[in-house]
>>> print(open('target_33.tsv').read())   # TSV, N, CA and C atoms
chain	number	residue	atom	x	y	z
A	1	MET	N	104.63	98.41	106.78
A	1	MET	CA	104.59	98.20	108.20
A	1	MET	C	103.84	96.90	108.55
A	2	PHE	N	102.74	96.61	107.84
A	2	PHE	CA	101.90	95.46	108.16
A	2	PHE	C	101.90	94.39	107.08
A	3	LEU	N	102.75	94.51	106.09
A	3	LEU	CA	102.60	93.70	104.89
A	3	LEU	C	103.42	92.41	104.86
A	4	ALA	N	104.43	92.29	105.69
A	4	ALA	CA	105.34	91.16	105.63
A	4	ALA	C	104.66	89.81	105.84
A	5	ASN	N	103.58	89.78	106.61
A	5	ASN	CA	102.93	88.52	106.94
A	5	ASN	C	101.80	88.12	105.99
A	6	LEU	N	101.59	88.90	104.94
A	6	LEU	CA	100.54	88.54	103.99
A	6	LEU	C	100.96	87.30	103.21
A	7	ASN	N	99.96	86.50	102.81
A	7	ASN	CA	100.27	85.36	101.94
A	7	ASN	C	100.42	85.87	100.50
A	8	ASP	N	100.82	84.98	99.60
A	8	ASP	CA	101.12	85.41	98.23
A	8	ASP	C	99.92	86.03	97.53
A	9	THR	N	98.75	85.45	97.72
A	9	THR	CA	97.52	86.00	97.10
A	9	THR	C	97.24	87.39	97.63
A	10	GLN	N	97.40	87.57	98.94
A	10	GLN	CA	97.17	88.87	99.56
A	10	GLN	C	98.21	89.90	99.10
A	11	LYS	N	99.45	89.45	98.95
A	11	LYS	CA	100.49	90.36	98.46
A	11	LYS	C	100.15	90.87	97.07
A	12	ASP	N	99.74	89.96	96.19
A	12	ASP	CA	99.35	90.35	94.84
A	12	ASP	C	98.18	91.33	94.89
A	13	ALA	N	97.19	91.01	95.73
A	13	ALA	CA	96.01	91.87	95.84
A	13	ALA	C	96.39	93.24	96.38
A	14	PHE	N	97.24	93.28	97.40
A	14	PHE	CA	97.64	94.57	97.95
A	14	PHE	C	98.38	95.41	96.90
A	15	MET	N	99.31	94.78	96.19
A	15	MET	CA	100.06	95.53	95.18
A	15	MET	C	99.14	96.07	94.08
A	16	THR	N	98.11	95.30	93.74
A	16	THR	CA	97.14	95.79	92.77
A	16	THR	C	96.40	97.00	93.32
A	17	LEU	N	95.92	96.89	94.56
A	17	LEU	CA	95.21	98.02	95.18
A	17	LEU	C	96.12	99.24	95.24
A	18	ALA	N	97.36	99.03	95.65
A	18	ALA	CA	98.30	100.14	95.77
A	18	ALA	C	98.55	100.80	94.42
A	19	TYR	N	98.76	99.99	93.39
A	19	TYR	CA	99.00	100.56	92.07
A	19	TYR	C	97.78	101.31	91.56
A	20	LYS	N	96.61	100.72	91.72
A	20	LYS	CA	95.40	101.40	91.25
A	20	LYS	C	95.23	102.73	91.96
A	21	LEU	N	95.60	102.78	93.24
A	21	LEU	CA	95.49	104.01	94.00
A	21	LEU	C	96.43	105.09	93.48
A	22	ILE	N	97.68	104.73	93.22
A	22	ILE	CA	98.61	105.78	92.76
A	22	ILE	C	98.36	106.17	91.32
A	23	ALA	N	97.74	105.29	90.54
A	23	ALA	CA	97.50	105.58	89.13
A	23	ALA	C	96.16	106.27	88.87
A	24	VAL	N	95.28	106.27	89.86
A	24	VAL	CA	93.92	106.75	89.63
A	24	VAL	C	93.86	108.22	89.21
A	25	ASP	N	94.83	109.02	89.66
A	25	ASP	CA	94.82	110.44	89.29
A	25	ASP	C	95.64	110.73	88.04
A	26	GLY	N	96.21	109.67	87.44
A	26	GLY	CA	96.98	109.84	86.22
A	26	GLY	C	98.39	110.34	86.42
A	27	VAL	N	98.82	110.48	87.69
A	27	VAL	CA	100.15	110.99	88.00
A	27	VAL	C	100.85	110.01	88.93
A	28	LEU	N	102.02	109.52	88.51
A	28	LEU	CA	102.83	108.66	89.37
A	28	LEU	C	103.99	109.49	89.87
A	29	ASP	N	103.87	110.02	91.11
A	29	ASP	CA	104.95	110.88	91.59
A	29	ASP	C	106.00	110.08	92.33
A	30	GLU	N	107.12	110.72	92.61
A	30	GLU	CA	108.28	110.05	93.18
A	30	GLU	C	107.99	109.44	94.56
A	31	GLY	N	107.24	110.15	95.39
A	31	GLY	CA	106.92	109.63	96.72
A	31	GLY	C	106.12	108.35	96.64
A	32	GLU	N	105.16	108.31	95.74
A	32	GLU	CA	104.34	107.11	95.56
A	32	GLU	C	105.16	105.95	95.01
A	33	LEU	N	106.00	106.23	94.03
A	33	LEU	CA	106.83	105.17	93.45
A	33	LEU	C	107.83	104.64	94.46
A	34	ALA	N	108.35	105.51	95.31
A	34	ALA	CA	109.27	105.07	96.36
A	34	ALA	C	108.56	104.15	97.35
A	35	MET	N	107.32	104.48	97.67
A	35	MET	CA	106.53	103.61	98.57
A	35	MET	C	106.29	102.26	97.92
A	36	MET	N	106.01	102.23	96.64
A	36	MET	CA	105.79	100.96	95.95
A	36	MET	C	107.04	100.10	96.01
A	37	ALA	N	108.19	100.72	95.82
A	37	ALA	CA	109.46	99.98	95.92
A	37	ALA	C	109.66	99.45	97.33
A	38	GLN	N	109.30	100.25	98.31
A	38	GLN	CA	109.43	99.83	99.72
A	38	GLN	C	108.50	98.64	100.01
A	39	TYR	N	107.29	98.68	99.46
A	39	TYR	CA	106.36	97.56	99.65
A	39	TYR	C	106.96	96.26	99.11
A	40	LYS	N	107.59	96.34	97.95
A	40	LYS	CA	108.20	95.15	97.35
A	40	LYS	C	109.27	94.59	98.28
A	41	LEU	N	110.08	95.46	98.85
A	41	LEU	CA	111.10	95.02	99.79
A	41	LEU	C	110.47	94.36	101.02
A	42	GLU	N	109.48	95.02	101.57
A	42	GLU	CA	108.83	94.53	102.79
A	42	GLU	C	108.19	93.15	102.58
A	43	MET	N	107.66	92.92	101.39
A	43	MET	CA	106.97	91.66	101.11
A	43	MET	C	107.85	90.65	100.39
A	44	ASN	N	109.14	90.96	100.27
A	44	ASN	CA	110.08	90.08	99.59
A	44	ASN	C	109.66	89.76	98.16
A	45	LEU	N	109.16	90.77	97.47
A	45	LEU	CA	108.82	90.64	96.06
A	45	LEU	C	110.01	91.10	95.24
A	46	PRO	N	110.20	90.52	94.06
A	46	PRO	CA	111.32	90.97	93.22
A	46	PRO	C	111.12	92.43	92.79
A	47	SER	N	112.21	93.13	92.60
A	47	SER	CA	112.11	94.55	92.23
A	47	SER	C	111.41	94.73	90.89
A	48	ASP	N	111.43	93.70	90.03
A	48	ASP	CA	110.76	93.80	88.74
A	48	ASP	C	109.33	93.25	88.77
A	49	TYR	N	108.79	93.03	89.98
A	49	TYR	CA	107.41	92.58	90.12
A	49	TYR	C	106.50	93.57	89.41
A	50	ASP	N	105.55	93.07	88.60
A	50	ASP	CA	104.66	93.93	87.82
A	50	ASP	C	103.31	94.05	88.50
A	51	GLU	N	103.12	95.14	89.19
A	51	GLU	CA	101.86	95.39	89.91
A	51	GLU	C	100.78	96.00	89.03
A	52	THR	N	101.07	96.24	87.77
A	52	THR	CA	100.13	96.96	86.90
A	52	THR	C	99.06	96.06	86.28
A	53	GLN	N	99.19	94.75	86.41
A	53	GLN	CA	98.32	93.84	85.67
A	53	GLN	C	97.06	93.38	86.41
A	54	GLY	N	96.97	93.63	87.71
A	54	GLY	CA	95.86	93.10	88.50
A	54	GLY	C	94.54	93.82	88.25
A	55	ASN	N	93.47	93.17	88.68
A	55	ASN	CA	92.12	93.69	88.57
A	55	ASN	C	91.68	94.23	89.93
A	56	LEU	N	91.15	95.45	89.95
A	56	LEU	CA	90.75	96.11	91.19
A	56	LEU	C	89.73	95.29	91.97
A	57	GLU	N	88.67	94.87	91.32
A	57	GLU	CA	87.60	94.13	92.02
A	57	GLU	C	88.11	92.82	92.59
A	58	THR	N	88.94	92.12	91.85
A	58	THR	CA	89.52	90.86	92.33
A	58	THR	C	90.39	91.12	93.55
A	59	ALA	N	91.14	92.21	93.52
A	59	ALA	CA	92.02	92.56	94.64
A	59	ALA	C	91.20	92.88	95.89
A	60	ILE	N	90.12	93.60	95.72
A	60	ILE	CA	89.25	93.93	96.86
A	60	ILE	C	88.66	92.66	97.45
A	61	VAL	N	88.15	91.79	96.58
A	61	VAL	CA	87.52	90.55	97.03
A	61	VAL	C	88.50	89.66	97.80
A	62	ALA	N	89.78	89.73	97.47
A	62	ALA	CA	90.79	88.92	98.15
A	62	ALA	C	90.83	89.20	99.66
A	63	PHE	N	90.36	90.38	100.06
A	63	PHE	CA	90.41	90.74	101.49
A	63	PHE	C	89.05	90.75	102.17
A	64	THR	N	87.96	90.67	101.43
A	64	THR	CA	86.65	90.87	102.06
A	64	THR	C	86.29	89.82	103.11
A	65	ALA	N	86.81	88.61	103.00
A	65	ALA	CA	86.50	87.57	103.99
A	65	ALA	C	87.53	87.54	105.13
A	66	GLU	N	88.53	88.39	105.06
A	66	GLU	CA	89.56	88.42	106.10
A	66	GLU	C	89.05	89.13	107.36
A	67	PRO	N	89.70	88.88	108.49
A	67	PRO	CA	89.32	89.58	109.73
A	67	PRO	C	89.49	91.09	109.58
A	68	ASP	N	88.72	91.83	110.38
A	68	ASP	CA	88.80	93.29	110.32
A	68	ASP	C	90.21	93.81	110.56
A	69	ALA	N	90.98	93.14	111.41
A	69	ALA	CA	92.34	93.60	111.68
A	69	ALA	C	93.17	93.65	110.39
A	70	ILE	N	93.06	92.66	109.55
A	70	ILE	CA	93.80	92.66	108.29
A	70	ILE	C	93.27	93.75	107.36
A	71	LYS	N	91.96	93.87	107.28
A	71	LYS	CA	91.38	94.93	106.43
A	71	LYS	C	91.84	96.31	106.89
A	72	LYS	N	91.90	96.52	108.21
A	72	LYS	CA	92.34	97.81	108.74
A	72	LYS	C	93.81	98.04	108.42
A	73	GLN	N	94.62	97.01	108.49
A	73	GLN	CA	96.03	97.14	108.15
A	73	GLN	C	96.20	97.53	106.68
A	74	ILE	N	95.43	96.89	105.82
A	74	ILE	CA	95.49	97.21	104.38
A	74	ILE	C	95.02	98.63	104.15
A	75	MET	N	93.93	99.02	104.81
A	75	MET	CA	93.41	100.38	104.66
A	75	MET	C	94.43	101.40	105.16
A	76	PHE	N	95.07	101.13	106.30
A	76	PHE	CA	96.08	102.05	106.83
A	76	PHE	C	97.21	102.24	105.82
A	77	GLU	N	97.67	101.15	105.24
A	77	GLU	CA	98.75	101.23	104.25
A	77	GLU	C	98.31	102.02	103.02
A	78	LEU	N	97.08	101.82	102.57
A	78	LEU	CA	96.59	102.55	101.40
A	78	LEU	C	96.46	104.03	101.67
A	79	VAL	N	95.94	104.39	102.84
A	79	VAL	CA	95.84	105.80	103.19
A	79	VAL	C	97.24	106.41	103.30
A	80	GLY	N	98.17	105.66	103.87
A	80	GLY	CA	99.55	106.13	103.94
A	80	GLY	C	100.13	106.37	102.56
A	81	LEU	N	99.83	105.48	101.64
A	81	LEU	CA	100.30	105.64	100.26
A	81	LEU	C	99.68	106.89	99.62
A	82	ALA	N	98.40	107.09	99.85
A	82	ALA	CA	97.74	108.28	99.29
A	82	ALA	C	98.36	109.55	99.86
A	83	CYS	N	98.78	109.50	101.10
A	83	CYS	CA	99.41	110.66	101.74
A	83	CYS	C	100.88	110.83	101.34
A	84	ALA	N	101.46	109.83	100.71
A	84	ALA	CA	102.88	109.89	100.32
A	84	ALA	C	103.10	110.76	99.10
A	85	GLY	N	102.09	110.93	98.29
A	85	GLY	CA	102.23	111.74	97.09
A	85	GLY	C	102.19	113.22	97.41
A	86	ASP	N	102.34	114.02	96.37
A	86	ASP	CA	102.31	115.46	96.56
A	86	ASP	C	100.95	115.94	97.03
A	87	ASP	N	99.90	115.32	96.55
A	87	ASP	CA	98.54	115.69	96.92
A	87	ASP	C	97.72	114.42	97.11
A	88	TYR	N	96.76	114.50	98.02
A	88	TYR	CA	95.80	113.42	98.22
A	88	TYR	C	94.59	113.83	97.39
A	89	GLU	N	94.53	113.33	96.17
A	89	GLU	CA	93.56	113.78	95.17
A	89	GLU	C	92.16	113.22	95.43
A	90	ASN	N	91.15	113.89	94.84
A	90	ASN	CA	89.76	113.44	94.97
A	90	ASN	C	89.59	112.01	94.47
A	91	GLU	N	90.29	111.68	93.38
A	91	GLU	CA	90.17	110.32	92.84
A	91	GLU	C	90.70	109.29	93.83
A	92	GLU	N	91.74	109.66	94.56
A	92	GLU	CA	92.29	108.77	95.58
A	92	GLU	C	91.30	108.60	96.73
A	93	TYR	N	90.68	109.70	97.17
A	93	TYR	CA	89.65	109.61	98.20
A	93	TYR	C	88.54	108.66	97.76
A	94	THR	N	88.13	108.79	96.51
A	94	THR	CA	87.05	107.96	95.98
A	94	THR	C	87.44	106.49	96.00
A	95	LEU	N	88.65	106.17	95.60
A	95	LEU	CA	89.10	104.77	95.60
A	95	LEU	C	89.23	104.25	97.03
A	96	ILE	N	89.76	105.06	97.93
A	96	ILE	CA	89.86	104.67	99.35
A	96	ILE	C	88.46	104.37	99.88
A	97	GLU	N	87.51	105.20	99.54
A	97	GLU	CA	86.13	105.01	100.01
A	97	GLU	C	85.53	103.73	99.43
A	98	GLN	N	85.83	103.44	98.18
A	98	GLN	CA	85.35	102.21	97.56
A	98	GLN	C	85.88	100.98	98.31
A	99	VAL	N	87.15	100.99	98.63
A	99	VAL	CA	87.76	99.88	99.37
A	99	VAL	C	87.18	99.82	100.78
A	100	ARG	N	87.08	100.96	101.45
A	100	ARG	CA	86.53	101.01	102.81
A	100	ARG	C	85.14	100.41	102.87
A	101	THR	N	84.31	100.78	101.91
A	101	THR	CA	82.94	100.27	101.86
A	101	THR	C	82.94	98.76	101.62
A	102	ALA	N	83.74	98.29	100.70
A	102	ALA	CA	83.82	96.86	100.42
A	102	ALA	C	84.33	96.09	101.63
A	103	PHE	N	85.24	96.70	102.40
A	103	PHE	CA	85.78	96.06	103.60
A	103	PHE	C	84.84	96.19	104.80
A	104	ASP	N	83.77	96.96	104.64
A	104	ASP	CA	82.78	97.18	105.70
A	104	ASP	C	83.43	97.76	106.96
A	105	LEU	N	84.31	98.75	106.74
A	105	LEU	CA	84.94	99.44	107.85
A	105	LEU	C	84.18	100.73	108.14
A	106	ARG	N	84.33	101.23	109.34
A	106	ARG	CA	83.63	102.47	109.74
A	106	ARG	C	84.03	103.62	108.82
A	107	ALA	N	83.09	104.51	108.58
A	107	ALA	CA	83.32	105.64	107.68
A	107	ALA	C	84.45	106.55	108.16
A	108	ASP	N	84.66	106.62	109.47
A	108	ASP	CA	85.69	107.50	110.00
A	108	ASP	C	87.09	106.88	110.04
A	109	PHE	N	87.21	105.61	109.67
A	109	PHE	CA	88.50	104.94	109.79
A	109	PHE	C	89.60	105.57	108.92
A	110	PRO	N	89.36	105.85	107.64
A	110	PRO	CA	90.43	106.49	106.84
A	110	PRO	C	90.89	107.83	107.42
A	111	GLY	N	89.96	108.60	107.95
A	111	GLY	CA	90.35	109.88	108.56
A	111	GLY	C	91.22	109.68	109.78
A	112	LYS	N	90.91	108.67	110.58
A	112	LYS	CA	91.75	108.36	111.73
A	112	LYS	C	93.15	107.93	111.27
A	113	CYS	N	93.19	107.18	110.20
A	113	CYS	CA	94.49	106.78	109.64
A	113	CYS	C	95.29	108.01	109.24
A	114	GLU	N	94.66	108.98	108.61
A	114	GLU	CA	95.35	110.19	108.17
A	114	GLU	C	95.99	110.92	109.34
A	115	VAL	N	95.27	110.99	110.47
A	115	VAL	CA	95.80	111.67	111.65
A	115	VAL	C	97.06	110.98	112.14
A	116	TYR	N	97.01	109.66	112.26
A	116	TYR	CA	98.18	108.92	112.74
A	116	TYR	C	99.34	108.99	111.74
A	117	ILE	N	99.03	108.97	110.47
A	117	ILE	CA	100.08	109.07	109.45
A	117	ILE	C	100.75	110.44	109.51
A	118	SER	N	99.97	111.47	109.71
A	118	SER	CA	100.53	112.82	109.85
A	118	SER	C	101.45	112.88	111.07
A	119	GLU	N	101.01	112.30	112.18
A	119	GLU	CA	101.84	112.28	113.39
A	119	GLU	C	103.11	111.47	113.16
A	120	LEU	N	102.99	110.37	112.45
A	120	LEU	CA	104.14	109.52	112.16
A	120	LEU	C	105.16	110.26	111.30
A	121	LYS	N	104.68	110.99	110.29
A	121	LYS	CA	105.58	111.77	109.44
A	121	LYS	C	106.34	112.81	110.27
A	122	LYS	N	105.64	113.48	111.17
A	122	LYS	CA	106.28	114.48	112.02
A	122	LYS	C	107.33	113.84	112.92
A	123	LEU	N	107.02	112.67	113.45
A	123	LEU	CA	107.98	111.97	114.30
A	123	LEU	C	109.23	111.59	113.51
A	124	TYR	N	109.05	111.09	112.29
A	124	TYR	CA	110.21	110.75	111.44
A	124	TYR	C	111.04	111.99	111.14
A	125	GLU	N	110.40	113.13	110.93
A	125	GLU	CA	111.14	114.37	110.69
A	125	GLU	C	111.97	114.73	111.91
A	126	LYS	N	111.38	114.59	113.11
A	126	LYS	CA	112.11	114.88	114.35
A	126	LYS	C	113.29	113.93	114.52
A	127	ILE	N	113.07	112.66	114.22
A	127	ILE	CA	114.14	111.69	114.34
A	127	ILE	C	115.25	112.04	113.34
A	128	GLY	N	114.86	112.41	112.12
A	128	GLY	CA	115.85	112.80	111.12
A	128	GLY	C	116.68	113.99	111.58
A	129	THR	N	116.03	114.94	112.21
A	129	THR	CA	116.74	116.10	112.74
A	129	THR	C	117.68	115.67	113.87
A	130	LEU	N	117.20	114.82	114.76
A	130	LEU	CA	118.00	114.35	115.89
A	130	LEU	C	119.26	113.62	115.43
A	131	VAL	N	119.11	112.71	114.52
A	131	VAL	CA	120.27	111.92	114.10
A	131	VAL	C	121.13	112.65	113.07
A	132	GLY	N	120.58	113.70	112.48
A	132	GLY	CA	121.33	114.47	111.50
A	132	GLY	C	122.16	115.58	112.11
A	133	GLU	N	122.01	115.80	113.42
A	133	GLU	CA	122.75	116.88	114.07
A	133	GLU	C	124.20	116.52	114.30
>>> encode(input="target_33.tsv", output="structure tokens")
Amino acid sequence: MFLANLNDTQKDAFMTLAYKLIAVDGVLDEGELAMMAQYKLEMNLPSDYDETQGNLETAIVAFTAEPDAIKKQIMFELVGLACAGDDYENEEYTLIEQVRTAFDLRADFPGKCEVYISELKKLYEKIGTLVGE
């Protein structure tokens, strides 16, 4: 949703953060992998782009000097990715918290993201029902 305008360094950093998030629990489920493919499309990255090679700390640092609006957009996308899997695991919460702290965002921001993401999912379900009738 917010990724198309990132520069190349930010795109690499985001993909690293996203991959580290989905891999942290040791399970790469279909919902998470589908989101990763969608991110590549949104950012005009090749489908064979290798997001597995980046360093977590380097990726976090790529955003720390950015305005809060960009950090919030990245955080929203990461929380959305965590919610895309079958479960939002403790390891994912821990990684989200690590990024949130490094970005110096309010402690309640990820929770607010979860609420909006839940509402967004419900809206998409309603739209799917509407157009599927």
>>> residues_around(input="target_33.tsv", residues="region 68-71 of chain A", least_positions_apart="6", cutoff="10 Å", atoms="only C-alpha atoms", output="PyMOL selection string")
chain A and resi 2-3+6+60+77+99-100+102-105
>>> residues_around(input="target_33.tsv", residues="region 107-124 of chain A", least_positions_apart="4", cutoff="7 Å", atoms="all atoms listed in the file", output="PyMOL selection string")
chain A and resi 75-76+79-80+128-129
>>> select_by_dssp(input="target_33.tsv", residues="region 52-93 of chain A", states="alpha helix (DSSP H)", output="ChimeraX atom specification")
/A:56-64,68-84,90-93
>>> residues_around(input="target_33.tsv", residues="region 42-48 of chain A", least_positions_apart="4", cutoff="10 Å", atoms="only C-alpha atoms", output="list in words")
Met1, Phe2, Leu3, Ala4, Asn5, Leu6, Asn7, Asp8, Lys11, Asp12, Met15, Met36, Ala37 and Gln38 of chain A
>>> atom_distance(input="target_33.tsv", atom1="CA of Thr64 (chain A)", atom2="CA of Ala84 (chain A)")
25.1 Å
>>> atom_distance(input="target_33.tsv", atom1="atom N of Ile74 (chain A)", atom2="atom C of Lys126 (chain A)")
26.2 Å
>>> residues_around(input="target_33.tsv", residues="Leu78 (chain A)", least_positions_apart="6", cutoff="8 Å", atoms="all atoms listed in the file", output="ChimeraX atom specification")
/A:17-18,21,72,84,96
>>> closest_residue(input="target_33.tsv", among="A:Glu125, A:Glu133, A:Thr9, A:Ala23", to="Ala62 (chain A)", atoms="only C-alpha atoms")
A:Thr9
>>> closest_residue(input="target_33.tsv", among="A:Thr52, A:Gln98, A:Thr58, A:Gln73", to="Ala13 (chain A)", atoms="only C-alpha atoms")
A:Thr58
>>> atom_distance(input="target_33.tsv", atom1="CA of Leu41 (chain A)", atom2="CA of Gln53 (chain A)")
19.1 Å
>>> closest_residue(input="target_33.tsv", among="A:Val61, A:Leu28, A:Thr16, A:Thr101", to="Tyr49 (chain A)", atoms="only C-alpha atoms")
A:Thr16
>>> decode(input="target_33.tsv", residues="region 51-103 of chain A", atoms="C-alpha atoms", output="PDB file, in the first residue's frame")
ATOM      1  CA  GLU A  51      15.201 -10.897   0.003  1.00  0.00           C
ATOM      2  CA  THR A  52      16.966 -13.521   2.134  1.00  0.00           C
ATOM      3  CA  GLN A  53      20.448 -11.979   2.056  1.00  0.00           C
ATOM      4  CA  GLY A  54      19.981  -8.691   3.947  1.00  0.00           C
ATOM      5  CA  ASN A  55      21.075  -7.830   7.464  1.00  0.00           C
ATOM      6  CA  LEU A  56      18.362  -6.933  10.004  1.00  0.00           C
ATOM      7  CA  GLU A  57      20.287  -4.157  11.751  1.00  0.00           C
ATOM      8  CA  THR A  58      21.322  -2.558   8.460  1.00  0.00           C
ATOM      9  CA  ALA A  59      17.709  -2.652   7.287  1.00  0.00           C
ATOM     10  CA  ILE A  60      16.475  -0.990  10.473  1.00  0.00           C
ATOM     11  CA  VAL A  61      19.145   1.715  10.260  1.00  0.00           C
ATOM     12  CA  ALA A  62      18.073   2.499   6.673  1.00  0.00           C
ATOM     13  CA  PHE A  63      14.847   3.973   8.094  1.00  0.00           C
ATOM     14  CA  THR A  64      15.890   5.484  11.425  1.00  0.00           C
ATOM     15  CA  ALA A  65      16.687   8.936   9.974  1.00  0.00           C
ATOM     16  CA  GLU A  66      13.501   9.022   7.883  1.00  0.00           C
ATOM     17  CA  PRO A  67      10.431  11.071   8.861  1.00  0.00           C
ATOM     18  CA  ASP A  68       7.948   9.425  11.213  1.00  0.00           C
ATOM     19  CA  ALA A  69       5.411   9.136   8.389  1.00  0.00           C
ATOM     20  CA  ILE A  70       7.699   6.754   6.486  1.00  0.00           C
ATOM     21  CA  LYS A  71       8.532   4.781   9.629  1.00  0.00           C
ATOM     22  CA  LYS A  72       4.805   4.440  10.372  1.00  0.00           C
ATOM     23  CA  GLN A  73       4.128   3.262   6.832  1.00  0.00           C
ATOM     24  CA  ILE A  74       6.854   0.623   7.134  1.00  0.00           C
ATOM     25  CA  MET A  75       5.545  -0.436  10.547  1.00  0.00           C
ATOM     26  CA  PHE A  76       1.976  -0.685   9.204  1.00  0.00           C
ATOM     27  CA  GLU A  77       3.155  -2.913   6.363  1.00  0.00           C
ATOM     28  CA  LEU A  78       5.138  -5.132   8.745  1.00  0.00           C
ATOM     29  CA  VAL A  79       2.214  -5.538  11.129  1.00  0.00           C
ATOM     30  CA  GLY A  80       0.017  -6.343   8.134  1.00  0.00           C
ATOM     31  CA  LEU A  81       2.501  -8.984   7.063  1.00  0.00           C
ATOM     32  CA  ALA A  82       2.559 -10.487  10.552  1.00  0.00           C
ATOM     33  CA  CYS A  83      -1.238 -10.644  10.440  1.00  0.00           C
ATOM     34  CA  ALA A  84      -1.197 -12.303   6.989  1.00  0.00           C
ATOM     35  CA  GLY A  85       0.106 -15.595   8.328  1.00  0.00           C
ATOM     36  CA  ASP A  86      -1.865 -18.252  10.112  1.00  0.00           C
ATOM     37  CA  ASP A  87      -0.729 -16.944  13.490  1.00  0.00           C
ATOM     38  CA  TYR A  88       0.892 -13.768  14.772  1.00  0.00           C
ATOM     39  CA  GLU A  89       3.637 -15.532  16.722  1.00  0.00           C
ATOM     40  CA  ASN A  90       5.507 -14.288  19.810  1.00  0.00           C
ATOM     41  CA  GLU A  91       8.711 -14.108  17.770  1.00  0.00           C
ATOM     42  CA  GLU A  92       6.960 -11.814  15.302  1.00  0.00           C
ATOM     43  CA  TYR A  93       5.735  -9.576  18.134  1.00  0.00           C
ATOM     44  CA  THR A  94       9.300  -9.403  19.428  1.00  0.00           C
ATOM     45  CA  LEU A  95      10.695  -8.400  16.029  1.00  0.00           C
ATOM     46  CA  ILE A  96       7.924  -5.821  15.511  1.00  0.00           C
ATOM     47  CA  GLU A  97       8.765  -4.378  18.927  1.00  0.00           C
ATOM     48  CA  GLN A  98      12.466  -4.246  18.058  1.00  0.00           C
ATOM     49  CA  VAL A  99      11.707  -2.268  14.897  1.00  0.00           C
ATOM     50  CA  ARG A 100       9.177  -0.033  16.693  1.00  0.00           C
ATOM     51  CA  THR A 101      11.721   0.829  19.365  1.00  0.00           C
ATOM     52  CA  ALA A 102      14.444   1.554  16.807  1.00  0.00           C
ATOM     53  CA  PHE A 103      11.995   3.759  14.880  1.00  0.00           C
TER      54      PHE A 103
END
